[in-house]
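> Supplied in structure tokens, the structure appears directly below.
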Amino acid sequence: MEKNLTKETAIEKAEQILYKTYNRYPVVFDHGEGVRLYDSEGKEYLDFAAGIAVCGLGYNDPEYTEAIRQQAGKLLHTSNYFYNQPAIDAGEKLLKASGMDRVFFTNSGTEAVEGAIKIAKRYAFNRDGRGSHEIIAMNRSFHGRSIGALSVTGNDHYREPFAPLLPGIRFADFNDLDSVKALVNENTCAVIMETLQGEGGIYPASEEFIKGVRALCDEHDMLLILDEIQCGMGRTGHMFAWQSYGVKPDVMTVAKALGNGVPIGAFLAAGKAATAMVPGDHGTTYGGNPFVCAAADAVLDIFEKRQMVSHVRQVGAYLWEKLEAFAKAHDCVTDHRGMGLIQGLEFGCPVGPIVSRALLENQVVLIGAGTNVIRFVPPLVITEAEVDEMIGKLEKAVEP
Ligand SMILES: *Cc1c(COP(=O)(O)O)cnc(C)c1O
């Protein structure tokens with residue numbers, strides 16, 4: 001490996017080398033410990049973003065790190081022509097935690113969404129003996145950037161340059177059951193939505209809405225696909241957000257915190273959806289290899305051992321109180337939404353400058369969701385004292 005570059009050189013080189021689809025902040029992170037990140041100049045940051053809701057266990061967790069170290073020295077990859085023990089272990093734990101019947105491991109959230117869409121199409125094809133089925137998706141949603149996932153993403157700005165996308169996708173309004181009902185026809189095979197909309201601005205589904213969509217899917221033999229990529233894995237104070245509503249999806253997608261930074265996602269299916277695809281219908285080279293599955297298995301082990309979900313409930317409630325107080329004290333804050341450790345503050349103005357100041361001047365990593373919302377998705381191991389510390393830094397960033 002090359003010697004570490006100075007920050008300025010690193011940034012200059014990166015801007016020449018990497019395909020430019022991001023405007024990045026001028027920070028080069030070097031390592032992390034717990035909920036702290038350290039940049040190439042040794043500056044410490046409090047992390048309230050977790051690499052976009054990924055690093056649930058924070059950085060360099062000794063038990064997690066040891067598990068991936070061991071697997072790295074044992075076997076990384078074999079292909080899906082063969083069985084491997086870590087995939088069985090991680091899969092069994094995911095099924096137990098979710099009550100779903102089957103799991104397919106992917107390399108990312110996007111690919112999990114692709115698989116979910118294929119299950120829906122395959123299910124309807126098996127039933128009707130024909131294609132041309134339609135899917136209902138939600139406005140303001142986010143499901144990924146591949147053509148399939150983008151096709152069900154309700155954001156024109158992301159979609160427009162890449163049209164035409166998948167045909168047969170119709171968009172309803174999240175939390176408006178009538179708008180979903182209005183789109184159902186004899187070709188509809190599925191409804192896909194996030195249980196809690198993340199990128200769109202931290203909007204939890206209302207209980208009435210999610211139960212209504214579940215009933216509608218049952219009535220018309222459509223699959224309910226819940227995207228738990230961001231809101232799953234304990235983040236809402238439930239292992240999966242849908243478990244708080246008393247509904248169960250036919251297909252669920254997970255990723256982000258599943259691997260704690262090692263790239264892994266999964267789609268899970270229950271009942272009739274669990275047998276819709278057959279050998280030859282879907283595949284992946286890397287997906288579910290022993291290395292990434294050992295990482296997910298360690299995450300699932302640690303979740304149970306340390307009772308992460310109940311920790312999230314406790315600290316999430318504390319974060320809620322503190323952000324409520326913050327919202328009351330600042331006229332610029334117009335709304336506060338979320339559950340557990342996925343919360344958002346909506347401002348009456350774009351939050352870009354606040355997020356940037358927070359990072360560069362107050363050394364707290366925050367991220368936006370949409371233009372006007374600051375999203376709080378810290379490592380799940382965050383403590384109440386660290387919530388207080390973040391609030392102090394946020395105060396300074398909002399009123400410099
Ligand atoms: C991040 C995200 C995705 C895409 O996951 P990738 O791992 O980036 O492919 C899909 N759905 C939701 C809800 C997400 O938050």
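Ligands are numbered from 1 in the order shown, residues from 1 within each chain, and chains are lettered A, B, ... in the order they appear in the structure tokens.
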Can you pull out every residue with an atom within 10 Å of ligand 1? Use only C-alpha atoms and all ligand atoms and format it as a PyMOL selection string.
chain A and resi 52-54+106-114+141-146+149-150+153+193-200+226-232+253-257+263-265
> Find the residues around A:Leu57 up to 8 Å (only C-alpha atoms counted), leave out those fewer than 6 positions away in its own chain, and share them as a VMD selection string.
chain A and resid 34 260 299 379 to 381
> Select, from A:Ala124, A:Leu319, A:Met308, A:Val373, the residue with the minimum atom-to-atom distance to A:Glu389, counting only C-alpha atoms.
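Of all the options, A:Leu319 lies closest to A:Glu389.
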> Using atom CA of A:Val152 and atom CA of A:Ile136 as the two end points, give the distance in Å to one decimal.
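Calculated distance between atom CA of A:Val152 and atom CA of A:Ile136 is 8.0 Å.
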> DSSP on the backbone: what in stretch 152-319 of chain A comes out strand (DSSP E), as a PyMOL selection string?
chain A and resi 169-172+188-194+196-197+203-204+223-227+251-254+265-269
> Using DSSP on the backbone, list every residue of stretch 9-249 of chain A that comes out as helix (DSSP H, G or I), and give them as an MDAnalysis selection string.
chainID A and resid 9:17 50:53 62:72 85:98 109:128 147:151 156:162 177:181 207:220 241:244
> Would you mind listing what lies within 9 Å of stretch 86-89 of chain A as JSON, numbers by chain, with only C-alpha atoms counted and same-chain residues fewer than 3 positions away left out?
{"A": [83, 92, 93, 94, 105, 288, 289, 290, 291, 292, 293, 294, 295, 296, 297]}
> What is the distance between atom CA of A:Gln70 and atom CA of A:Val309, in Å to one decimal?
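So the answer is 26.4 Å.
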> Any idea what's packed within 9 Å of A:Ile367, counting only C-alpha atoms, ignoring anything in its chain fewer than 2 positions away? Could you give it as a list in words?
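Surrounding residues, per the criterion: Phe48, Ala49, Ile52, Gly352, Val355, Ser356, Val365, Ala369, Val373, Ile374, Arg375, Phe376 and Val377 of chain A.
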> Out of A:Ala116, A:Val312, A:Met339, A:Val27, which residue has the shortest atom-to-atom distance to A:Glu361 when counting only C-alpha atoms?
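Comparing A:Ala116, A:Val312, A:Met339, A:Val27 against A:Glu361, the winner is A:Val27.
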> Fewer than 2 positions away in the same chain doesn't count, so skip those; otherwise give me all residues within 12 Å of A:Thr275, counting only C-alpha atoms, as a PyMOL selection string.
chain A and resi 101-104+119-120+122-123+126+250-251+268-273+277-279+281
> Can you tell me how far atom CA of A:Lys43 sits from atom CA of A:Arg357, in Å to one decimal?
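So the answer is 15.1 Å.
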> Restricting the calculation to only C-alpha atoms: of A:Met252, A:Leu366, A:Leu76, A:Val315, which residue gets closest to A:Ala385?
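Closest to A:Ala385, using only C-alpha atoms: A:Val315.
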